[in-house]
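Chemist: After the structure tokens below, expect a handful of questions from me.
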Amino acid sequence: MLVFVDESGDAGFKFEQNSSRYFVVAMVIFANDERATSVAIALADFQKSLGQRDEFKFSKMNNSRRLNLAQFISTLDFEARVFTIDKTSLELSFFSQNGIDAYQWMIAQALLVFQNDFSKARFRLDGTHNRQFKRLFKSYIRQTLAAEIADLTFVDSTRTELLQLADFIAGAVHRQKRGEDSEKLLEILRSKITLKELKKEPLL
């Protein structure tokens, strides 16, 4: 099993300074490498058909391109799990008092709530973080999850269509949570997504 993970929103709590209210984690799941490769090729071909050379990045797309991509994505063979957190329901002191990194905690919550779906999975995440963060993150996730993780690797999103797919889904759900989904992207993608939200009380 291969799982690509990306998020939308930030880990900040300074809402008066434009920290995002929501943090959304999307996990795109493939039962095997063959299925993942097939979807990656289809996305790359679709990208070429649009004459687009850079990566599919939800935040950089106009509404028309988002709609076209959502309609295409809805035809592909994959499943997605999406976890949303309303950060206004959390206490910032929870992280400082327990010495926990908020970003790592929120990603862990998403993996934890769906961990029964991730038997011996190989995870791929955006590799823009520094080496120390990656080391600490891997250790934290392995300590947090009861499910066995076969592998957790950071990859370059600009060269990984399936990570871009996770980015698009996370962005679409985040847009809907903000009440801005005028294109009804989530309705188009609904059959692909299992969506859960953080309970009032922390899971960890």
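Just so we're on the same page: first chain in the structure tokens is A, next is B, and so on; residues restart at 1 for each chain, and ligands are numbered from 1 in the order they show up.
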Excluding Ile107 (chain A) and residues on its chain fewer than 4 positions from it, collect all residues at most 12 Å away from it, counting only C-alpha atoms, and give them as a PDB file with all heavy atoms, in the first residue's frame.
Modeler:
```
ATOM      1  N   VAL A   5       0.720  12.003   1.241  1.00  0.00           N
ATOM      2  CA  VAL A   5       0.125  12.871   2.259  1.00  0.00           C
ATOM      3  C   VAL A   5       0.529  14.325   2.021  1.00  0.00           C
ATOM      4  O   VAL A   5       1.708  14.639   1.862  1.00  0.00           O
ATOM      5  CB  VAL A   5       0.587  12.461   3.678  1.00  0.00           C
ATOM      6  CG1 VAL A   5      -0.098  13.309   4.733  1.00  0.00           C
ATOM      7  CG2 VAL A   5       0.342  10.974   3.922  1.00  0.00           C
ATOM      8  N   ASP A   6      -0.464  15.205   2.004  1.00  0.00           N
ATOM      9  CA  ASP A   6      -0.177  16.641   1.923  1.00  0.00           C
ATOM     10  C   ASP A   6      -1.255  17.385   2.694  1.00  0.00           C
ATOM     11  O   ASP A   6      -2.310  16.822   3.024  1.00  0.00           O
ATOM     12  CB  ASP A   6      -0.115  17.116   0.478  1.00  0.00           C
ATOM     13  CG  ASP A   6       0.771  18.349   0.322  1.00  0.00           C
ATOM     14  OD1 ASP A   6       1.314  18.833   1.339  1.00  0.00           O
ATOM     15  OD2 ASP A   6       0.931  18.839  -0.813  1.00  0.00           O
ATOM     16  N   GLU A   7      -0.988  18.656   2.970  1.00  0.00           N
ATOM     17  CA  GLU A   7      -1.912  19.418   3.800  1.00  0.00           C
ATOM     18  C   GLU A   7      -2.220  20.777   3.187  1.00  0.00           C
ATOM     19  O   GLU A   7      -1.508  21.249   2.289  1.00  0.00           O
ATOM     20  CB  GLU A   7      -1.344  19.609   5.205  1.00  0.00           C
ATOM     21  CG  GLU A   7      -0.261  20.654   5.343  1.00  0.00           C
ATOM     22  CD  GLU A   7       1.130  20.179   4.957  1.00  0.00           C
ATOM     23  OE1 GLU A   7       1.323  18.964   4.772  1.00  0.00           O
ATOM     24  OE2 GLU A   7       2.026  21.034   4.834  1.00  0.00           O
ATOM     25  N   SER A   8      -3.278  21.388   3.686  1.00  0.00           N
ATOM     26  CA  SER A   8      -3.638  22.750   3.328  1.00  0.00           C
ATOM     27  C   SER A   8      -3.891  23.517   4.619  1.00  0.00           C
ATOM     28  O   SER A   8      -4.527  23.001   5.536  1.00  0.00           O
ATOM     29  CB  SER A   8      -4.892  22.765   2.450  1.00  0.00           C
ATOM     30  OG  SER A   8      -5.264  24.092   2.125  1.00  0.00           O
ATOM     31  N   GLY A   9      -3.389  24.737   4.664  1.00  0.00           N
ATOM     32  CA  GLY A   9      -3.462  25.502   5.905  1.00  0.00           C
ATOM     33  C   GLY A   9      -2.101  25.520   6.574  1.00  0.00           C
ATOM     34  O   GLY A   9      -1.164  24.867   6.135  1.00  0.00           O
ATOM     35  N   ASP A  10      -1.992  26.289   7.655  1.00  0.00           N
ATOM     36  CA  ASP A  10      -0.732  26.388   8.376  1.00  0.00           C
ATOM     37  C   ASP A  10      -0.915  25.915   9.808  1.00  0.00           C
ATOM     38  O   ASP A  10      -2.039  25.678  10.264  1.00  0.00           O
ATOM     39  CB  ASP A  10      -0.216  27.833   8.353  1.00  0.00           C
ATOM     40  CG  ASP A  10      -1.228  28.808   8.938  1.00  0.00           C
ATOM     41  OD1 ASP A  10      -1.431  28.786  10.178  1.00  0.00           O
ATOM     42  OD2 ASP A  10      -1.830  29.594   8.179  1.00  0.00           O
ATOM     43  N   ALA A  11       0.191  25.800  10.516  1.00  0.00           N
ATOM     44  CA  ALA A  11       0.153  25.295  11.893  1.00  0.00           C
ATOM     45  C   ALA A  11       0.122  26.423  12.919  1.00  0.00           C
ATOM     46  O   ALA A  11       0.250  26.176  14.124  1.00  0.00           O
ATOM     47  CB  ALA A  11       1.364  24.396  12.156  1.00  0.00           C
ATOM     48  N   PHE A  23      -6.878  23.372   9.387  1.00  0.00           N
ATOM     49  CA  PHE A  23      -5.723  22.605   8.917  1.00  0.00           C
ATOM     50  C   PHE A  23      -6.284  21.313   8.356  1.00  0.00           C
ATOM     51  O   PHE A  23      -6.981  20.571   9.053  1.00  0.00           O
ATOM     52  CB  PHE A  23      -4.759  22.312  10.070  1.00  0.00           C
ATOM     53  CG  PHE A  23      -3.452  21.714   9.639  1.00  0.00           C
ATOM     54  CD1 PHE A  23      -2.404  22.525   9.217  1.00  0.00           C
ATOM     55  CD2 PHE A  23      -3.253  20.336   9.669  1.00  0.00           C
ATOM     56  CE1 PHE A  23      -1.187  21.981   8.823  1.00  0.00           C
ATOM     57  CE2 PHE A  23      -2.050  19.791   9.276  1.00  0.00           C
ATOM     58  CZ  PHE A  23      -1.005  20.604   8.855  1.00  0.00           C
ATOM     59  N   VAL A  24      -6.006  21.066   7.082  1.00  0.00           N
ATOM     60  CA  VAL A  24      -6.596  19.929   6.377  1.00  0.00           C
ATOM     61  C   VAL A  24      -5.488  18.998   5.895  1.00  0.00           C
ATOM     62  O   VAL A  24      -4.535  19.444   5.248  1.00  0.00           O
ATOM     63  CB  VAL A  24      -7.435  20.407   5.168  1.00  0.00           C
ATOM     64  CG1 VAL A  24      -8.039  19.210   4.432  1.00  0.00           C
ATOM     65  CG2 VAL A  24      -8.530  21.370   5.622  1.00  0.00           C
ATOM     66  N   VAL A  25      -5.618  17.717   6.206  1.00  0.00           N
ATOM     67  CA  VAL A  25      -4.640  16.719   5.773  1.00  0.00           C
ATOM     68  C   VAL A  25      -5.319  15.745   4.816  1.00  0.00           C
ATOM     69  O   VAL A  25      -6.351  15.158   5.154  1.00  0.00           O
ATOM     70  CB  VAL A  25      -4.066  15.926   6.963  1.00  0.00           C
ATOM     71  CG1 VAL A  25      -2.997  14.938   6.484  1.00  0.00           C
ATOM     72  CG2 VAL A  25      -3.486  16.874   8.010  1.00  0.00           C
ATOM     73  N   ALA A  26      -4.756  15.601   3.624  1.00  0.00           N
ATOM     74  CA  ALA A  26      -5.292  14.667   2.630  1.00  0.00           C
ATOM     75  C   ALA A  26      -4.313  13.522   2.424  1.00  0.00           C
ATOM     76  O   ALA A  26      -3.104  13.742   2.307  1.00  0.00           O
ATOM     77  CB  ALA A  26      -5.547  15.382   1.303  1.00  0.00           C
ATOM     78  N   MET A  27      -4.851  12.309   2.388  1.00  0.00           N
ATOM     79  CA  MET A  27      -4.049  11.102   2.182  1.00  0.00           C
ATOM     80  C   MET A  27      -4.629  10.346   0.988  1.00  0.00           C
ATOM     81  O   MET A  27      -5.762   9.872   1.041  1.00  0.00           O
ATOM     82  CB  MET A  27      -4.101  10.235   3.444  1.00  0.00           C
ATOM     83  CG  MET A  27      -3.450  10.897   4.651  1.00  0.00           C
ATOM     84  SD  MET A  27      -4.166  10.375   6.249  1.00  0.00           S
ATOM     85  CE  MET A  27      -5.645  11.411   6.302  1.00  0.00           C
ATOM     86  N   VAL A  82      -9.439  12.223   4.244  1.00  0.00           N
ATOM     87  CA  VAL A  82      -9.175  13.627   4.556  1.00  0.00           C
ATOM     88  C   VAL A  82      -9.586  13.917   5.989  1.00  0.00           C
ATOM     89  O   VAL A  82     -10.674  13.539   6.430  1.00  0.00           O
ATOM     90  CB  VAL A  82      -9.925  14.571   3.590  1.00  0.00           C
ATOM     91  CG1 VAL A  82      -9.616  16.023   3.927  1.00  0.00           C
ATOM     92  CG2 VAL A  82      -9.546  14.273   2.138  1.00  0.00           C
ATOM     93  N   PHE A  83      -8.702  14.583   6.700  1.00  0.00           N
ATOM     94  CA  PHE A  83      -8.946  14.919   8.098  1.00  0.00           C
ATOM     95  C   PHE A  83      -8.856  16.428   8.262  1.00  0.00           C
ATOM     96  O   PHE A  83      -7.888  17.049   7.806  1.00  0.00           O
ATOM     97  CB  PHE A  83      -7.904  14.240   8.982  1.00  0.00           C
ATOM     98  CG  PHE A  83      -8.218  14.293  10.456  1.00  0.00           C
ATOM     99  CD1 PHE A  83      -9.349  13.685  10.959  1.00  0.00           C
ATOM    100  CD2 PHE A  83      -7.367  14.942  11.329  1.00  0.00           C
ATOM    101  CE1 PHE A  83      -9.636  13.715  12.319  1.00  0.00           C
ATOM    102  CE2 PHE A  83      -7.639  14.979  12.692  1.00  0.00           C
ATOM    103  CZ  PHE A  83      -8.770  14.362  13.186  1.00  0.00           C
ATOM    104  N   THR A  84      -9.866  17.026   8.882  1.00  0.00           N
ATOM    105  CA  THR A  84      -9.879  18.477   9.065  1.00  0.00           C
ATOM    106  C   THR A  84      -9.846  18.830  10.544  1.00  0.00           C
ATOM    107  O   THR A  84     -10.462  18.154  11.373  1.00  0.00           O
ATOM    108  CB  THR A  84     -11.110  19.124   8.418  1.00  0.00           C
ATOM    109  OG1 THR A  84     -12.293  18.717   9.105  1.00  0.00           O
ATOM    110  CG2 THR A  84     -11.221  18.734   6.957  1.00  0.00           C
ATOM    111  N   ILE A  85      -9.137  19.900  10.844  1.00  0.00           N
ATOM    112  CA  ILE A  85      -9.015  20.390  12.218  1.00  0.00           C
ATOM    113  C   ILE A  85      -9.389  21.870  12.235  1.00  0.00           C
ATOM    114  O   ILE A  85      -8.812  22.666  11.489  1.00  0.00           O
ATOM    115  CB  ILE A  85      -7.586  20.222  12.750  1.00  0.00           C
ATOM    116  CG1 ILE A  85      -7.203  18.740  12.804  1.00  0.00           C
ATOM    117  CG2 ILE A  85      -7.423  20.861  14.127  1.00  0.00           C
ATOM    118  CD1 ILE A  85      -5.745  18.500  13.164  1.00  0.00           C
ATOM    119  N   ASP A 101       5.278  19.670  18.830  1.00  0.00           N
ATOM    120  CA  ASP A 101       5.197  20.513  17.647  1.00  0.00           C
ATOM    121  C   ASP A 101       3.787  20.415  17.062  1.00  0.00           C
ATOM    122  O   ASP A 101       3.301  19.311  16.779  1.00  0.00           O
ATOM    123  CB  ASP A 101       6.234  20.049  16.623  1.00  0.00           C
ATOM    124  CG  ASP A 101       6.184  20.868  15.344  1.00  0.00           C
ATOM    125  OD1 ASP A 101       6.865  21.898  15.287  1.00  0.00           O
ATOM    126  OD2 ASP A 101       5.450  20.474  14.412  1.00  0.00           O
ATOM    127  N   ALA A 102       3.132  21.557  16.869  1.00  0.00           N
ATOM    128  CA  ALA A 102       1.734  21.566  16.433  1.00  0.00           C
ATOM    129  C   ALA A 102       1.553  20.916  15.064  1.00  0.00           C
ATOM    130  O   ALA A 102       0.594  20.173  14.838  1.00  0.00           O
ATOM    131  CB  ALA A 102       1.186  22.991  16.408  1.00  0.00           C
ATOM    132  N   TYR A 103       2.473  21.174  14.148  1.00  0.00           N
ATOM    133  CA  TYR A 103       2.370  20.590  12.807  1.00  0.00           C
ATOM    134  C   TYR A 103       2.457  19.070  12.874  1.00  0.00           C
ATOM    135  O   TYR A 103       1.625  18.356  12.302  1.00  0.00           O
ATOM    136  CB  TYR A 103       3.470  21.156  11.910  1.00  0.00           C
ATOM    137  CG  TYR A 103       3.528  20.517  10.540  1.00  0.00           C
ATOM    138  CD1 TYR A 103       2.726  20.985   9.502  1.00  0.00           C
ATOM    139  CD2 TYR A 103       4.377  19.436  10.286  1.00  0.00           C
ATOM    140  CE1 TYR A 103       2.774  20.394   8.241  1.00  0.00           C
ATOM    141  CE2 TYR A 103       4.432  18.845   9.036  1.00  0.00           C
ATOM    142  CZ  TYR A 103       3.627  19.329   8.025  1.00  0.00           C
ATOM    143  OH  TYR A 103       3.666  18.733   6.780  1.00  0.00           O
ATOM    144  N   LEU A 111      -3.253  10.661  10.579  1.00  0.00           N
ATOM    145  CA  LEU A 111      -2.830   9.280  10.371  1.00  0.00           C
ATOM    146  C   LEU A 111      -3.437   8.365  11.429  1.00  0.00           C
ATOM    147  O   LEU A 111      -3.810   7.223  11.137  1.00  0.00           O
ATOM    148  CB  LEU A 111      -1.306   9.187  10.419  1.00  0.00           C
ATOM    149  CG  LEU A 111      -0.541  10.002   9.367  1.00  0.00           C
ATOM    150  CD1 LEU A 111       0.962   9.765   9.507  1.00  0.00           C
ATOM    151  CD2 LEU A 111      -0.996   9.672   7.964  1.00  0.00           C
ATOM    152  N   LEU A 112      -3.569   8.876  12.635  1.00  0.00           N
ATOM    153  CA  LEU A 112      -4.090   8.068  13.733  1.00  0.00           C
ATOM    154  C   LEU A 112      -5.551   7.696  13.524  1.00  0.00           C
ATOM    155  O   LEU A 112      -5.945   6.538  13.711  1.00  0.00           O
ATOM    156  CB  LEU A 112      -3.932   8.830  15.049  1.00  0.00           C
ATOM    157  CG  LEU A 112      -4.385   8.112  16.331  1.00  0.00           C
ATOM    158  CD1 LEU A 112      -3.540   6.868  16.557  1.00  0.00           C
ATOM    159  CD2 LEU A 112      -4.283   9.054  17.524  1.00  0.00           C
ATOM    160  N   VAL A 113      -6.357   8.660  13.114  1.00  0.00           N
ATOM    161  CA  VAL A 113      -7.785   8.400  12.998  1.00  0.00           C
ATOM    162  C   VAL A 113      -8.102   7.431  11.857  1.00  0.00           C
ATOM    163  O   VAL A 113      -9.119   6.736  11.882  1.00  0.00           O
ATOM    164  CB  VAL A 113      -8.564   9.726  12.829  1.00  0.00           C
ATOM    165  CG1 VAL A 113      -8.472  10.262  11.409  1.00  0.00           C
ATOM    166  CG2 VAL A 113     -10.016   9.565  13.239  1.00  0.00           C
ATOM    167  N   PHE A 114      -7.195   7.353  10.871  1.00  0.00           N
ATOM    168  CA  PHE A 114      -7.395   6.434   9.745  1.00  0.00           C
ATOM    169  C   PHE A 114      -6.423   5.254   9.777  1.00  0.00           C
ATOM    170  O   PHE A 114      -6.304   4.530   8.783  1.00  0.00           O
ATOM    171  CB  PHE A 114      -7.216   7.176   8.416  1.00  0.00           C
ATOM    172  CG  PHE A 114      -8.340   8.112   8.067  1.00  0.00           C
ATOM    173  CD1 PHE A 114      -8.142   9.482   8.040  1.00  0.00           C
ATOM    174  CD2 PHE A 114      -9.597   7.623   7.753  1.00  0.00           C
ATOM    175  CE1 PHE A 114      -9.174  10.352   7.701  1.00  0.00           C
ATOM    176  CE2 PHE A 114     -10.637   8.477   7.411  1.00  0.00           C
ATOM    177  CZ  PHE A 114     -10.425   9.851   7.396  1.00  0.00           C
ATOM    178  N   GLN A 115      -5.747   5.038  10.887  1.00  0.00           N
ATOM    179  CA  GLN A 115      -4.652   4.077  10.880  1.00  0.00           C
ATOM    180  C   GLN A 115      -5.089   2.638  10.565  1.00  0.00           C
ATOM    181  O   GLN A 115      -4.294   1.841  10.065  1.00  0.00           O
ATOM    182  CB  GLN A 115      -3.884   4.120  12.200  1.00  0.00           C
ATOM    183  CG  GLN A 115      -4.635   3.653  13.414  1.00  0.00           C
ATOM    184  CD  GLN A 115      -3.735   3.677  14.653  1.00  0.00           C
ATOM    185  OE1 GLN A 115      -2.522   3.522  14.555  1.00  0.00           O
ATOM    186  NE2 GLN A 115      -4.333   3.883  15.805  1.00  0.00           N
ATOM    187  N   LEU A 125       5.612  12.048   1.814  1.00  0.00           N
ATOM    188  CA  LEU A 125       5.228  13.388   2.235  1.00  0.00           C
ATOM    189  C   LEU A 125       6.102  14.421   1.540  1.00  0.00           C
ATOM    190  O   LEU A 125       7.187  14.116   1.042  1.00  0.00           O
ATOM    191  CB  LEU A 125       5.353  13.548   3.750  1.00  0.00           C
ATOM    192  CG  LEU A 125       4.439  12.693   4.619  1.00  0.00           C
ATOM    193  CD1 LEU A 125       5.099  11.376   4.992  1.00  0.00           C
ATOM    194  CD2 LEU A 125       4.040  13.441   5.884  1.00  0.00           C
ATOM    195  N   PHE A 137      10.270  14.101  12.898  1.00  0.00           N
ATOM    196  CA  PHE A 137       8.924  13.770  12.455  1.00  0.00           C
ATOM    197  C   PHE A 137       8.747  12.263  12.310  1.00  0.00           C
ATOM    198  O   PHE A 137       7.759  11.691  12.769  1.00  0.00           O
ATOM    199  CB  PHE A 137       8.627  14.469  11.128  1.00  0.00           C
ATOM    200  CG  PHE A 137       7.238  14.220  10.611  1.00  0.00           C
ATOM    201  CD1 PHE A 137       6.173  14.970  11.073  1.00  0.00           C
ATOM    202  CD2 PHE A 137       6.995  13.237   9.666  1.00  0.00           C
ATOM    203  CE1 PHE A 137       4.888  14.747  10.606  1.00  0.00           C
ATOM    204  CE2 PHE A 137       5.720  13.007   9.198  1.00  0.00           C
ATOM    205  CZ  PHE A 137       4.664  13.764   9.664  1.00  0.00           C
ATOM    206  N   LYS A 138       9.694  11.614  11.669  1.00  0.00           N
ATOM    207  CA  LYS A 138       9.627  10.164  11.497  1.00  0.00           C
ATOM    208  C   LYS A 138       9.531   9.471  12.857  1.00  0.00           C
ATOM    209  O   LYS A 138       8.734   8.538  13.044  1.00  0.00           O
ATOM    210  CB  LYS A 138      10.852   9.663  10.742  1.00  0.00           C
ATOM    211  CG  LYS A 138      10.841   9.961   9.261  1.00  0.00           C
ATOM    212  CD  LYS A 138      12.060   9.331   8.589  1.00  0.00           C
ATOM    213  CE  LYS A 138      12.063   9.558   7.100  1.00  0.00           C
ATOM    214  NZ  LYS A 138      13.215   8.914   6.432  1.00  0.00           N
ATOM    215  N   TYR A 140       8.482  10.707  15.714  1.00  0.00           N
ATOM    216  CA  TYR A 140       7.219  11.022  16.382  1.00  0.00           C
ATOM    217  C   TYR A 140       6.068  10.200  15.810  1.00  0.00           C
ATOM    218  O   TYR A 140       5.246   9.650  16.543  1.00  0.00           O
ATOM    219  CB  TYR A 140       6.937  12.520  16.222  1.00  0.00           C
ATOM    220  CG  TYR A 140       5.651  12.976  16.891  1.00  0.00           C
ATOM    221  CD1 TYR A 140       5.544  13.037  18.275  1.00  0.00           C
ATOM    222  CD2 TYR A 140       4.546  13.346  16.130  1.00  0.00           C
ATOM    223  CE1 TYR A 140       4.380  13.455  18.890  1.00  0.00           C
ATOM    224  CE2 TYR A 140       3.374  13.762  16.736  1.00  0.00           C
ATOM    225  CZ  TYR A 140       3.299  13.821  18.122  1.00  0.00           C
ATOM    226  OH  TYR A 140       2.135  14.223  18.721  1.00  0.00           O
ATOM    227  N   ILE A 141       6.004  10.083  14.488  1.00  0.00           N
ATOM    228  CA  ILE A 141       4.924   9.332  13.850  1.00  0.00           C
ATOM    229  C   ILE A 141       5.001   7.853  14.212  1.00  0.00           C
ATOM    230  O   ILE A 141       3.989   7.218  14.530  1.00  0.00           O
ATOM    231  CB  ILE A 141       4.960   9.515  12.324  1.00  0.00           C
ATOM    232  CG1 ILE A 141       4.641  10.966  11.942  1.00  0.00           C
ATOM    233  CG2 ILE A 141       3.980   8.568  11.636  1.00  0.00           C
ATOM    234  CD1 ILE A 141       3.264  11.443  12.372  1.00  0.00           C
ATOM    235  N   THR A 144       3.744   7.312  17.649  1.00  0.00           N
ATOM    236  CA  THR A 144       2.338   7.651  17.837  1.00  0.00           C
ATOM    237  C   THR A 144       1.391   6.583  17.323  1.00  0.00           C
ATOM    238  O   THR A 144       0.392   6.244  17.965  1.00  0.00           O
ATOM    239  CB  THR A 144       2.020   8.990  17.136  1.00  0.00           C
ATOM    240  OG1 THR A 144       2.840  10.018  17.684  1.00  0.00           O
ATOM    241  CG2 THR A 144       0.552   9.357  17.320  1.00  0.00           C
ATOM    242  N   LEU A 145       1.693   6.020  16.148  1.00  0.00           N
ATOM    243  CA  LEU A 145       0.763   5.096  15.509  1.00  0.00           C
ATOM    244  C   LEU A 145       0.948   3.672  16.009  1.00  0.00           C
ATOM    245  O   LEU A 145       2.067   3.198  16.181  1.00  0.00           O
ATOM    246  CB  LEU A 145       0.943   5.125  13.995  1.00  0.00           C
ATOM    247  CG  LEU A 145       0.690   6.453  13.271  1.00  0.00           C
ATOM    248  CD1 LEU A 145       0.715   6.224  11.773  1.00  0.00           C
ATOM    249  CD2 LEU A 145      -0.616   7.075  13.690  1.00  0.00           C
ATOM    250  N   LEU A 198     -11.641  16.458  13.551  1.00  0.00           N
ATOM    251  CA  LEU A 198     -11.110  16.270  14.887  1.00  0.00           C
ATOM    252  C   LEU A 198     -12.219  16.386  15.917  1.00  0.00           C
ATOM    253  O   LEU A 198     -13.049  17.314  15.852  1.00  0.00           O
ATOM    254  CB  LEU A 198     -10.034  17.311  15.190  1.00  0.00           C
ATOM    255  CG  LEU A 198      -9.383  17.236  16.567  1.00  0.00           C
ATOM    256  CD1 LEU A 198      -8.511  16.001  16.665  1.00  0.00           C
ATOM    257  CD2 LEU A 198      -8.579  18.484  16.853  1.00  0.00           C
ATOM    258  N   LEU A 204      -4.606  12.483  21.319  1.00  0.00           N
ATOM    259  CA  LEU A 204      -3.339  12.075  21.931  1.00  0.00           C
ATOM    260  C   LEU A 204      -3.131  12.830  23.229  1.00  0.00           C
ATOM    261  O   LEU A 204      -3.496  13.973  23.336  1.00  0.00           O
ATOM    262  CB  LEU A 204      -2.176  12.362  20.978  1.00  0.00           C
ATOM    263  CG  LEU A 204      -2.172  11.597  19.664  1.00  0.00           C
ATOM    264  CD1 LEU A 204      -0.995  12.062  18.808  1.00  0.00           C
ATOM    265  CD2 LEU A 204      -2.039  10.110  19.927  1.00  0.00           C
TER     266      LEU A 204
END
```
Chemist: Which of region 3-204 of chain A end up as helix (DSSP H, G or I) when DSSP is run on this backbone - answer as a count of residues only?
Modeler: 101
Chemist: Tell me, as a short mmCIF file (atom, residue, chain, number, x, y, z; two decimals) with N, CA, C and O atoms, in the first residue's frame, which residues lie within 8 Å of Glu148 (chain A), counting only C-alpha atoms; anything in the same chain fewer than 3 positions away does not count.
Modeler:
```cif
data_model
loop_
_atom_site.label_atom_id
_atom_site.label_comp_id
_atom_site.auth_asym_id
_atom_site.auth_seq_id
_atom_site.Cartn_x
_atom_site.Cartn_y
_atom_site.Cartn_z
N SER A 119 -2.47 -0.57 6.73
CA SER A 119 -1.70 -1.74 7.13
C SER A 119 -0.38 -1.82 6.37
O SER A 119 -0.37 -1.96 5.15
N LYS A 120 0.73 -1.68 7.09
CA LYS A 120 2.08 -1.76 6.52
C LYS A 120 2.24 -0.85 5.30
O LYS A 120 2.85 -1.23 4.30
N ALA A 121 1.73 0.34 5.42
CA ALA A 121 1.76 1.27 4.30
C ALA A 121 3.12 1.96 4.17
O ALA A 121 3.87 2.10 5.13
N LEU A 145 1.69 6.02 16.15
CA LEU A 145 0.76 5.10 15.51
C LEU A 145 0.95 3.67 16.01
O LEU A 145 2.07 3.20 16.18
#
```
Chemist: Ranking A:Ser139, A:Asn32, A:Gln164, A:Ser182 by minimum distance to Ser59 (chain A) and counting only C-alpha atoms, which one comes first?
Modeler: A:Gln164
Chemist: So, counting only C-alpha atoms, which residue among A:Leu152, A:Val173, A:Ala70, A:Leu163 is closest to Lys134 (chain A)?
Modeler: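 Of A:Leu152, A:Val173, A:Ala70, A:Leu163, the one nearest Lys134 (chain A), counting only C-alpha atoms, is A:Leu152.
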Chemist: If we count only C-alpha atoms and set the cut-off at 7 Å, which residues sit around Phe154 (chain A), ignoring sequence neighbours fewer than 4 positions away in its own chain? Please answer as a PyMOL selection string.
Modeler: chain A and resi 124-127
Chemist: When you count only C-alpha atoms, which of these residues is closest to Gly179 (chain A): A:Tyr22, A:Phe133, A:Phe95, A:Phe46?
Modeler: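 Using only C-alpha atoms, the shortest distance to Gly179 (chain A) belongs to A:Tyr22.
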Chemist: Quick check, in Å to one decimal: how far apart do CA of Gly51 (chain A) and CA of Glu34 (chain A) lie?
Modeler: 26.0 Å
Chemist: Please list as a CSV table (one decimal) with N, CA and C atoms, in the first residue's frame every residue within 10 Å of Ile29 (chain A), counting only C-alpha atoms and excluding residues in the same chain fewer than 5 positions away.
Modeler:
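File produced: out.csv:
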```
chain,number,residue,atom,x,y,z
A,1,MET,N,0.8,-1.2,0.0
A,1,MET,CA,0.0,0.0,0.0
A,1,MET,C,0.9,1.2,0.0
A,2,LEU,N,0.5,2.2,-0.8
A,2,LEU,CA,1.3,3.4,-1.0
A,2,LEU,C,0.3,4.6,-0.7
A,3,VAL,N,0.8,5.5,0.2
A,3,VAL,CA,-0.1,6.7,0.7
A,3,VAL,C,0.7,8.0,0.5
A,4,PHE,N,0.1,8.9,-0.2
A,4,PHE,CA,0.7,10.2,-0.4
A,4,PHE,C,0.0,11.2,0.5
A,5,VAL,N,0.7,12.0,1.2
A,5,VAL,CA,0.1,12.9,2.3
A,5,VAL,C,0.5,14.3,2.0
A,35,ARG,N,-1.2,0.5,-9.6
A,35,ARG,CA,-2.3,1.5,-9.6
A,35,ARG,C,-1.8,2.9,-9.4
A,36,ALA,N,-0.8,3.1,-8.6
A,36,ALA,CA,-0.3,4.4,-8.4
A,36,ALA,C,0.4,4.9,-9.6
A,77,ASP,N,-8.6,6.2,-10.6
A,77,ASP,CA,-8.7,5.0,-9.7
A,77,ASP,C,-7.9,5.2,-8.5
A,78,PHE,N,-8.5,5.8,-7.4
A,78,PHE,CA,-7.8,6.0,-6.2
A,78,PHE,C,-8.8,6.3,-5.1
A,79,GLU,N,-8.4,6.2,-3.8
A,79,GLU,CA,-9.2,6.6,-2.7
A,79,GLU,C,-8.5,7.6,-1.9
A,80,ALA,N,-9.2,8.4,-1.2
A,80,ALA,CA,-8.6,9.5,-0.4
A,80,ALA,C,-9.2,9.5,1.0
A,81,ARG,N,-8.4,9.8,2.0
A,81,ARG,CA,-8.9,10.0,3.4
A,81,ARG,C,-8.5,11.5,3.7
A,117,ASP,N,-6.8,1.8,8.2
A,117,ASP,CA,-6.8,1.7,6.7
A,117,ASP,C,-5.3,1.6,6.2
A,118,PHE,N,-4.3,1.7,7.1
A,118,PHE,CA,-3.0,1.8,6.6
A,118,PHE,C,-2.1,0.6,7.0
A,121,ALA,N,1.7,0.3,5.4
A,121,ALA,CA,1.8,1.3,4.3
A,121,ALA,C,3.1,2.0,4.2
A,122,ARG,N,3.4,2.4,2.9
A,122,ARG,CA,4.6,3.2,2.7
A,122,ARG,C,4.0,4.7,2.4
A,123,PHE,N,4.5,5.6,3.2
A,123,PHE,CA,4.0,7.0,3.2
A,123,PHE,C,5.0,7.9,2.4
A,162,LEU,N,1.4,12.4,-7.7
A,162,LEU,CA,0.5,11.9,-6.7
A,162,LEU,C,0.5,12.7,-5.4
A,166,ALA,N,-2.7,14.9,-3.8
A,166,ALA,CA,-3.1,15.1,-2.4
A,166,ALA,C,-3.2,16.5,-2.1
```
